[in-house]
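Heads up, entry_8.txt below (compact mmCIF, C-alpha atoms and all ligand atoms):
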# COMPACT_ATOMS: atom_id res chain seq x y z
CA MET A 432 -64.25 6.88 5.85
CA LYS A 433 -61.59 4.58 7.26
CA ASN A 434 -58.93 2.31 5.76
CA ILE A 435 -58.83 4.06 2.45
CA LYS A 436 -56.22 2.57 0.18
CA VAL A 437 -55.33 4.70 -2.80
CA GLY A 438 -53.35 3.57 -5.83
CA ILE A 439 -51.93 6.31 -8.03
CA ILE A 440 -50.85 5.31 -11.53
CA GLY A 441 -48.27 7.97 -12.34
CA GLY A 442 -47.74 8.68 -8.64
CA THR A 443 -43.94 8.60 -8.91
CA ASN A 444 -43.78 12.10 -10.38
CA GLY A 445 -45.61 15.38 -11.09
CA MET A 446 -49.26 15.80 -10.11
CA GLY A 447 -49.61 12.14 -9.11
CA ARG A 448 -46.77 12.51 -6.60
CA TRP A 449 -48.33 15.74 -5.30
CA PHE A 450 -51.68 13.97 -4.79
CA ALA A 451 -49.95 11.03 -3.09
CA GLY A 452 -48.42 13.44 -0.54
CA LEU A 453 -51.78 15.12 0.10
CA LEU A 454 -53.55 11.79 0.69
CA LYS A 455 -50.78 10.41 2.93
CA ASN A 456 -51.21 13.49 5.13
CA GLU A 457 -54.92 12.63 5.30
CA GLY A 458 -54.07 9.20 6.72
CA CYS A 459 -54.70 7.17 3.56
CA THR A 460 -52.48 4.26 2.64
CA VAL A 461 -51.03 5.25 -0.73
CA TYR A 462 -49.43 2.99 -3.32
CA VAL A 463 -47.88 4.47 -6.44
CA CYS A 464 -46.72 3.04 -9.73
CA GLY A 465 -44.90 4.24 -12.83
CA ARG A 466 -43.41 2.34 -15.74
CA LYS A 467 -40.39 1.18 -13.73
CA THR A 468 -41.88 0.44 -10.31
CA GLU A 469 -42.12 -3.03 -8.80
CA LEU A 470 -45.83 -2.55 -8.20
CA GLY A 471 -47.87 -2.44 -11.40
CA ILE A 472 -51.38 -1.50 -12.43
CA ASN A 473 -52.81 -4.94 -11.54
CA ASP A 474 -51.32 -4.71 -8.03
CA LEU A 475 -52.83 -1.27 -7.45
CA ALA A 476 -56.25 -2.43 -8.66
CA ARG A 477 -56.07 -5.47 -6.31
CA LEU A 478 -54.86 -3.55 -3.26
CA CYS A 479 -56.87 -0.33 -3.45
CA ASN A 480 -60.41 0.97 -3.20
CA VAL A 481 -59.48 4.23 -4.93
CA VAL A 482 -57.45 4.25 -8.17
CA VAL A 483 -56.17 7.52 -9.63
CA VAL A 484 -54.91 7.91 -13.20
CA ALA A 485 -52.19 10.61 -13.26
CA VAL A 486 -50.12 9.75 -16.31
CA PRO A 487 -49.29 12.11 -19.24
CA ILE A 488 -52.33 12.97 -21.37
CA SER A 489 -51.08 10.87 -24.30
CA ALA A 490 -50.96 7.71 -22.09
CA THR A 491 -54.30 8.30 -20.31
CA THR A 492 -56.58 6.41 -22.72
CA ASP A 493 -54.51 3.20 -22.60
CA ILE A 494 -54.17 3.30 -18.81
CA ILE A 495 -57.92 3.82 -18.25
CA LYS A 496 -58.67 0.93 -20.60
CA GLN A 497 -56.23 -1.28 -18.67
CA VAL A 498 -57.26 -0.45 -15.12
CA GLY A 499 -61.00 0.28 -15.52
CA PRO A 500 -62.18 -3.32 -15.95
CA LEU A 501 -60.17 -4.48 -12.90
CA LEU A 502 -62.23 -2.39 -10.44
CA THR A 503 -65.50 -3.34 -8.69
CA LYS A 504 -68.51 -1.06 -8.41
CA ASP A 505 -67.65 -0.18 -4.80
CA ALA A 506 -64.32 1.31 -5.86
CA LEU A 507 -63.57 4.83 -7.11
CA LEU A 508 -61.83 5.43 -10.42
CA MET A 509 -60.64 9.00 -10.86
CA ASP A 510 -58.08 10.94 -12.88
CA LEU A 511 -56.11 14.20 -12.68
CA THR A 512 -56.01 14.89 -16.43
CA SER A 513 -56.00 18.51 -17.63
CA LEU A 514 -58.87 17.71 -20.02
CA LYS A 515 -62.04 16.04 -18.82
CA HIS A 516 -64.43 15.07 -21.62
CA GLU A 517 -62.45 12.15 -23.07
CA PRO A 518 -61.07 10.65 -19.80
CA VAL A 519 -64.46 10.76 -18.00
CA LYS A 520 -66.19 9.17 -21.01
CA LEU A 521 -63.54 6.43 -21.09
CA MET A 522 -63.68 5.78 -17.33
CA LEU A 523 -67.47 5.36 -17.52
CA ALA A 524 -67.24 3.07 -20.56
CA ASN A 525 -64.44 0.88 -19.23
CA SER A 526 -65.36 0.39 -15.57
CA LYS A 527 -68.19 -0.42 -13.18
CA ALA A 528 -66.56 1.66 -10.46
CA GLU A 529 -67.73 5.06 -9.24
CA VAL A 530 -66.17 7.73 -11.47
CA ILE A 531 -65.01 11.26 -10.69
CA GLY A 532 -62.99 13.41 -13.07
CA CYS A 533 -60.66 15.76 -11.23
CA HIS A 534 -58.44 18.60 -12.41
CA PRO A 535 -56.32 20.56 -9.94
CA LEU A 536 -55.78 23.97 -11.59
CA PHE A 537 -52.12 24.35 -10.60
CA GLY A 538 -48.85 22.51 -11.07
CA PRO A 539 -47.05 20.15 -8.69
CA ALA A 540 -44.27 22.65 -7.91
CA LEU A 541 -46.62 25.11 -6.18
CA LYS A 542 -45.64 25.21 -2.49
CA ASP A 543 -48.85 26.63 -0.99
CA VAL A 544 -51.97 25.33 -2.69
CA SER A 545 -54.47 27.02 -0.36
CA LYS A 546 -57.16 28.98 -2.23
CA GLN A 547 -56.22 27.31 -5.53
CA ASN A 548 -59.03 25.80 -7.62
CA VAL A 549 -59.85 22.13 -8.18
CA VAL A 550 -62.55 21.14 -10.65
CA LEU A 551 -64.49 17.94 -10.00
CA CYS A 552 -66.65 16.22 -12.61
CA PRO A 553 -68.71 13.66 -10.66
CA ALA A 554 -69.89 11.11 -13.22
CA ARG A 555 -71.05 7.95 -11.43
CA GLY A 556 -71.95 7.11 -7.82
CA LYS A 557 -72.44 9.07 -4.61
CA LYS A 558 -70.29 7.26 -2.03
CA TRP A 559 -66.88 8.76 -2.75
CA LEU A 560 -67.68 12.35 -3.70
CA PRO A 561 -68.12 13.71 -0.11
CA TRP A 562 -64.80 12.11 0.91
CA LEU A 563 -62.89 13.62 -2.02
CA LYS A 564 -64.45 17.07 -1.59
CA ASN A 565 -63.60 16.98 2.10
CA VAL A 566 -59.94 16.11 1.42
CA PHE A 567 -59.59 19.16 -0.81
CA LYS A 568 -61.58 21.49 1.43
CA LYS A 569 -59.57 20.46 4.51
CA ASN A 570 -56.49 21.51 2.56
CA LYS A 571 -58.05 24.91 1.82
CA LEU A 572 -58.56 24.26 -1.87
CA THR A 573 -61.59 25.74 -3.64
CA VAL A 574 -63.68 22.95 -5.11
CA LEU A 575 -65.86 23.59 -8.15
CA GLU A 576 -68.17 20.99 -9.68
CA ALA A 577 -68.72 21.12 -13.43
CA THR A 578 -69.60 18.87 -16.33
CA PRO A 579 -66.62 17.65 -18.39
CA GLU A 580 -67.93 19.71 -21.32
CA LYS A 581 -68.10 22.94 -19.31
CA HIS A 582 -64.63 22.21 -17.87
CA ASP A 583 -63.06 21.74 -21.31
CA LYS A 584 -64.82 24.82 -22.67
CA MET A 585 -63.37 26.95 -19.86
CA MET A 586 -59.92 25.33 -20.24
CA ALA A 587 -59.97 26.37 -23.91
CA ILE A 588 -59.79 29.93 -22.54
CA VAL A 589 -57.75 29.52 -19.35
CA GLN A 590 -55.22 27.10 -20.81
CA ALA A 591 -55.40 26.74 -24.63
CA LEU A 592 -55.83 30.45 -25.49
CA ASN A 593 -53.48 31.50 -22.70
CA HIS A 594 -50.68 29.09 -23.69
CA LEU A 595 -51.20 29.85 -27.40
CA ASN A 596 -50.60 33.50 -26.55
CA THR A 597 -47.38 32.56 -24.70
CA ILE A 598 -46.22 30.29 -27.52
CA SER A 599 -46.88 32.90 -30.21
CA LEU A 600 -45.00 35.53 -28.19
CA GLY A 601 -42.05 33.13 -27.78
CA MET A 602 -42.10 32.28 -31.50
CA ALA A 603 -42.27 35.99 -32.41
CA LEU A 604 -39.32 36.74 -30.12
CA ALA A 605 -37.31 33.96 -31.79
CA ARG A 606 -38.15 35.50 -35.19
CA THR A 607 -36.67 38.87 -34.23
CA ASN A 608 -33.22 37.18 -34.36
CA ILE A 609 -32.10 39.30 -31.40
CA THR A 610 -30.63 37.26 -28.54
CA LEU A 611 -32.46 37.05 -25.23
CA ALA A 612 -29.33 38.37 -23.53
CA GLU A 613 -29.55 41.51 -25.64
CA ILE A 614 -33.34 41.83 -25.17
CA ASN A 615 -32.91 41.39 -21.41
CA LYS A 616 -30.62 44.41 -21.17
CA PHE A 617 -33.63 46.52 -22.12
CA SER A 618 -36.28 44.57 -20.18
CA THR A 619 -39.00 45.94 -17.91
CA PRO A 620 -40.46 44.09 -14.87
CA ILE A 621 -43.62 43.11 -16.76
CA PHE A 622 -41.57 41.84 -19.71
CA ARG A 623 -39.33 39.76 -17.41
CA THR A 624 -42.48 38.18 -15.92
CA LYS A 625 -43.59 37.27 -19.44
CA LEU A 626 -40.13 35.88 -20.28
CA ASP A 627 -40.35 33.63 -17.19
CA ILE A 628 -43.69 32.26 -18.40
CA ILE A 629 -42.33 31.71 -21.93
CA LYS A 630 -39.32 29.84 -20.51
CA LYS A 631 -41.60 27.61 -18.40
CA VAL A 632 -43.80 26.69 -21.38
CA PHE A 633 -40.95 26.21 -23.86
CA THR A 634 -38.54 24.31 -21.61
CA GLU A 635 -40.25 22.65 -18.61
CA SER A 636 -42.92 20.40 -20.10
CA PRO A 637 -43.69 21.50 -23.67
CA GLU A 638 -45.45 18.17 -24.34
CA LEU A 639 -48.03 18.87 -21.63
CA TYR A 640 -48.80 22.33 -23.05
CA ILE A 641 -49.01 21.03 -26.62
CA ASP A 642 -51.40 18.25 -25.49
CA ILE A 643 -53.54 20.74 -23.56
CA ILE A 644 -53.81 22.88 -26.71
CA THR A 645 -54.15 20.24 -29.42
CA LYS A 646 -56.51 17.87 -27.62
CA ASN A 647 -59.08 20.49 -26.60
CA THR A 648 -61.87 20.42 -29.19
CA GLU A 649 -62.56 24.16 -28.65
CA THR A 650 -59.01 25.24 -29.52
CA ILE A 651 -59.73 26.13 -33.16
CA LYS A 652 -62.58 28.38 -31.99
CA MET A 653 -60.11 30.13 -29.64
CA LEU A 654 -57.52 30.44 -32.43
CA ASP A 655 -60.17 32.09 -34.64
CA ILE A 656 -61.01 34.59 -31.90
CA TYR A 657 -57.32 35.26 -31.27
CA GLU A 658 -56.54 35.75 -34.97
CA LYS A 659 -59.52 38.10 -35.37
CA ALA A 660 -58.43 40.18 -32.36
CA LEU A 661 -54.89 40.47 -33.77
CA LYS A 662 -56.15 41.34 -37.27
CA ASP A 663 -58.51 43.93 -35.81
CA ILE A 664 -55.90 45.78 -33.77
CA ARG A 665 -53.39 45.50 -36.65
CA ALA A 666 -55.82 47.18 -39.06
CA LYS A 667 -56.54 49.94 -36.55
CA ILE A 668 -52.87 50.62 -35.90
CA LYS A 669 -52.07 50.54 -39.64
CA SER A 670 -54.86 53.04 -40.36
CA GLY A 671 -52.81 55.67 -38.55
CA ASN A 672 -55.93 56.86 -36.73
CA LYS A 673 -54.99 56.67 -33.04
CA ASN A 674 -58.62 57.05 -31.96
CA LYS A 675 -59.56 53.77 -33.65
CA SER A 676 -57.02 51.86 -31.54
CA LYS A 677 -58.09 53.70 -28.38
CA GLU A 678 -61.71 52.89 -29.11
CA ALA A 679 -60.95 49.18 -29.68
CA VAL A 680 -59.16 48.92 -26.32
CA ALA A 681 -61.91 50.90 -24.56
CA ASN A 682 -64.61 48.63 -26.02
CA ALA A 683 -62.82 45.49 -24.83
CA ALA A 684 -62.24 47.04 -21.40
CA LYS A 685 -65.94 47.87 -21.15
CA LYS A 686 -66.85 44.25 -21.93
CA LEU A 687 -64.30 42.88 -19.47
CA TYR A 688 -64.58 45.29 -16.56
CA GLY A 689 -67.85 47.15 -17.05
CA SER A 690 -68.48 50.76 -17.94
CA LYS A 691 -66.43 52.23 -15.07
CA ASN A 692 -63.42 49.98 -15.83
CA LYS A 693 -63.52 48.50 -12.33
N1 LIG A 701 -48.03 19.22 -14.45
C1 LIG A 701 -49.07 20.00 -14.28
O1 LIG A 701 -48.94 21.24 -14.12
C2 LIG A 701 -50.46 19.42 -14.23
C3 LIG A 701 -51.48 20.14 -13.59
C4 LIG A 701 -52.76 19.58 -13.51
C5 LIG A 701 -53.01 18.34 -14.10
N2 LIG A 701 -51.99 17.67 -14.73
C6 LIG A 701 -52.29 16.37 -15.33
O2 LIG A 701 -51.62 15.38 -14.57
C7 LIG A 701 -51.31 14.27 -15.42
C8 LIG A 701 -49.84 13.94 -15.27
O3 LIG A 701 -49.08 15.06 -15.71
P1 LIG A 701 -47.70 15.41 -14.99
O4 LIG A 701 -47.31 16.77 -15.48
O5 LIG A 701 -47.78 15.16 -13.54
O6 LIG A 701 -46.76 14.32 -15.70
P2 LIG A 701 -45.30 13.82 -15.28
O7 LIG A 701 -44.67 14.78 -14.32
O8 LIG A 701 -44.61 13.50 -16.55
O9 LIG A 701 -45.58 12.47 -14.49
C9 LIG A 701 -46.19 11.41 -15.14
C10 LIG A 701 -46.24 10.18 -14.25
O10 LIG A 701 -46.81 9.13 -15.00
C11 LIG A 701 -45.90 8.02 -15.05
N3 LIG A 701 -46.12 7.39 -16.35
C12 LIG A 701 -45.83 7.89 -17.58
N4 LIG A 701 -46.26 7.03 -18.53
C13 LIG A 701 -46.80 5.98 -17.88
C14 LIG A 701 -47.39 4.76 -18.30
N5 LIG A 701 -47.52 4.47 -19.59
N6 LIG A 701 -47.82 3.90 -17.35
C15 LIG A 701 -47.71 4.18 -16.02
N7 LIG A 701 -47.16 5.32 -15.56
C16 LIG A 701 -46.70 6.20 -16.49
C17 LIG A 701 -44.53 8.62 -14.81
O11 LIG A 701 -43.65 7.67 -14.23
P3 LIG A 701 -42.49 6.95 -15.09
O12 LIG A 701 -41.91 8.00 -15.98
O13 LIG A 701 -41.58 6.48 -14.04
O14 LIG A 701 -43.17 5.87 -15.83
C18 LIG A 701 -44.86 9.70 -13.79
O15 LIG A 701 -44.99 9.17 -12.50
C19 LIG A 701 -51.66 14.70 -16.84
O16 LIG A 701 -52.90 14.15 -17.18
C20 LIG A 701 -51.78 16.21 -16.75
O17 LIG A 701 -52.72 16.70 -17.69
C21 LIG A 701 -50.71 18.18 -14.80

Rewrite the structure of this file - the entire thing - as structure tokens.
Amino acid sequence: MKNIKVGIIGGTNGMGRWFAGLLKNEGCTVYVCGRKTELGINDLARLCNVVVVAVPISATTDIIKQVGPLLTKDALLMDLTSLKHEPVKLMLANSKAEVIGCHPLFGPALKDVSKQNVVLCPARGKKWLPWLKNVFKKNKLTVLEATPEKHDKMMAIVQALNHLNTISLGMALARTNITLAEINKFSTPIFRTKLDIIKKVFTESPELYIDIITKNTETIKMLDIYEKALKDIRAKIKSGNKNKSKEAVANAAKKLYGSKNK
């Protein structure tokens, strides 16, 4: 495909800026806009045959509703949102354009993205999908196609449960009332790795993590599982019977890694 003009709403920062760089390297003409840029959403819709929504999750609905109706059916409307059900539904409802939901499973600071995963949720049209897949594959990314529902279900595990675990560990550490400086004096390598993750979640973009957790409809299910697991191991430890704890860990290991713990 030649003369591809891409407009990225939210392309001045974060994932949008990362995607702009990738597409420029592929020879696309890329226009970006944010809230303070000279170019606005109407300009991007007029100038481009591909429009990408890459704004914070809380602004995504409004932006899709604004830009969707401005695009023709030959254009592609896509997004980079960390959740897929709601944005894909809104893109389909608010535009005649081809629609592909897209979620790169890494952050914009990652230097080498080769072998990282990108999930695509093709929702309308066939013209643009081969082009988009090819862009990612040329850049050594692993492309996986899934429905928005399957994507969000898996993100409830990979993101919501995972970040809930980090947040609860950070909150528990804060409740010990022992300073991090003091804790650090006694730290192990694995604990320092965990502290780095806690710092990232609590200080870099807490809003993104909270949105990822609170807006996923499967989060409560994950919280129930998490609470049950914690209650279960607590009861076994409290019982004073070491074998019960050992057995609980062995049973989980068997489920996760098979009977030989491979
Ligand atoms: N960060 C990640 O690790 C990551 C990974 C995968 C997917 N995502 C997804 O990528 C999307 C963007 O997240 P991000 O972390 O890249 O956010 P970000 O770093 O905060 O960047 C957001 C961008 O959107 C612009 N923006 C904010 N509100 C806007 C509005 N109302 N109208 C137009 N532009 C607006 C910002 O520019 P101005 O501030 O100048 O307006 C900026 O360019 C989210 O949907 C997120 O779920 C993020």

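Nearest to ligand LIG 701 (chain A) of all the residues A:Pro518, A:Pro553, A:Pro500, A:Gly441 is A:Gly441, counting all atoms listed in the file.
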
Please identify every polymer residue within 6 Å of ligand LIG 701 (chain A), using all atoms listed in the file, and present the set as an mmCIF file with C-alpha atoms, in the frame of the given file.
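Resulting contents of out-v3.cif:
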data_model
loop_
_atom_site.group_PDB
_atom_site.id
_atom_site.type_symbol
_atom_site.label_atom_id
_atom_site.label_comp_id
_atom_site.auth_asym_id
_atom_site.auth_seq_id
_atom_site.Cartn_x
_atom_site.Cartn_y
_atom_site.Cartn_z
ATOM 1 C CA ILE A 440 -50.850 5.310 -11.530
ATOM 2 C CA GLY A 441 -48.270 7.970 -12.340
ATOM 3 C CA GLY A 442 -47.740 8.680 -8.640
ATOM 4 C CA THR A 443 -43.940 8.600 -8.910
ATOM 5 C CA ASN A 444 -43.780 12.100 -10.380
ATOM 6 C CA GLY A 445 -45.610 15.380 -11.090
ATOM 7 C CA MET A 446 -49.260 15.800 -10.110
ATOM 8 C CA GLY A 447 -49.610 12.140 -9.110
ATOM 9 C CA GLY A 465 -44.900 4.240 -12.830
ATOM 10 C CA ARG A 466 -43.410 2.340 -15.740
ATOM 11 C CA LYS A 467 -40.390 1.180 -13.730
ATOM 12 C CA ALA A 485 -52.190 10.610 -13.260
ATOM 13 C CA VAL A 486 -50.120 9.750 -16.310
ATOM 14 C CA PRO A 487 -49.290 12.110 -19.240
ATOM 15 C CA ILE A 488 -52.330 12.970 -21.370
ATOM 16 C CA ALA A 490 -50.960 7.710 -22.090
ATOM 17 C CA LEU A 511 -56.110 14.200 -12.680
ATOM 18 C CA THR A 512 -56.010 14.890 -16.430
ATOM 19 C CA SER A 513 -56.000 18.510 -17.630
ATOM 20 C CA HIS A 534 -58.440 18.600 -12.410
ATOM 21 C CA PRO A 535 -56.320 20.560 -9.940
ATOM 22 C CA LEU A 536 -55.780 23.970 -11.590
ATOM 23 C CA PHE A 537 -52.120 24.350 -10.600
ATOM 24 C CA GLY A 538 -48.850 22.510 -11.070
ATOM 25 C CA PRO A 539 -47.050 20.150 -8.690
#

Hey, which bits of range 540-610 of chain A sit within 8 Å of range 650-661 of chain A, and for each residue what's the closest pair of atoms and how far apart in Å (one decimal), counting only C-alpha atoms, rows by chain and increasing number, as CSV?
residue,atom,partner,partner_atom,distance
A:Ala587,CA,A:Thr650,CA,5.8
A:Ile588,CA,A:Met653,CA,7.1
A:Ala591,CA,A:Thr650,CA,6.3
A:Leu592,CA,A:Met653,CA,6.0

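Between CA of Thr624 in chain A and CA of Asp583 in chain A the interatomic distance comes to 26.9 Å.
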
Residue nearest Thr578 in chain A - candidates A:Tyr688, A:Val482, A:Val550, A:Ile614, atoms counted: only C-alpha atoms: A:Val550

Nearby residues (only C-alpha atoms) at most 10 Å from Leu626 in chain A, same-chain spacing under 2 positions excluded, as a VMD selection string: chain A and resid 597 600 to 601 604 611 615 618 620 to 624 628 to 632

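Of note, CA of Lys558 in chain A and CA of Thr503 in chain A are spaced 13.4 Å apart.
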
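The residue that comes closest to Gly458 in chain A, out of A:Lys616, A:Lys433, A:Lys568, A:Lys542 and on the basis of all atoms listed in the file, is A:Lys433.
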
Residue list as a list in words for point (-67.4, 23.2, -10.9), cut-off 12 Å, all atoms listed in the file: Lys515, Gly532, Cys533, His534, Pro535, Leu536, Asn548, Val549, Val550, Leu551, Cys552, Pro553, Lys564, Thr573, Val574, Leu575, Glu576, Ala577, Thr578, Pro579, Glu580, Lys581, His582, Asp583 and Met585 of chain A
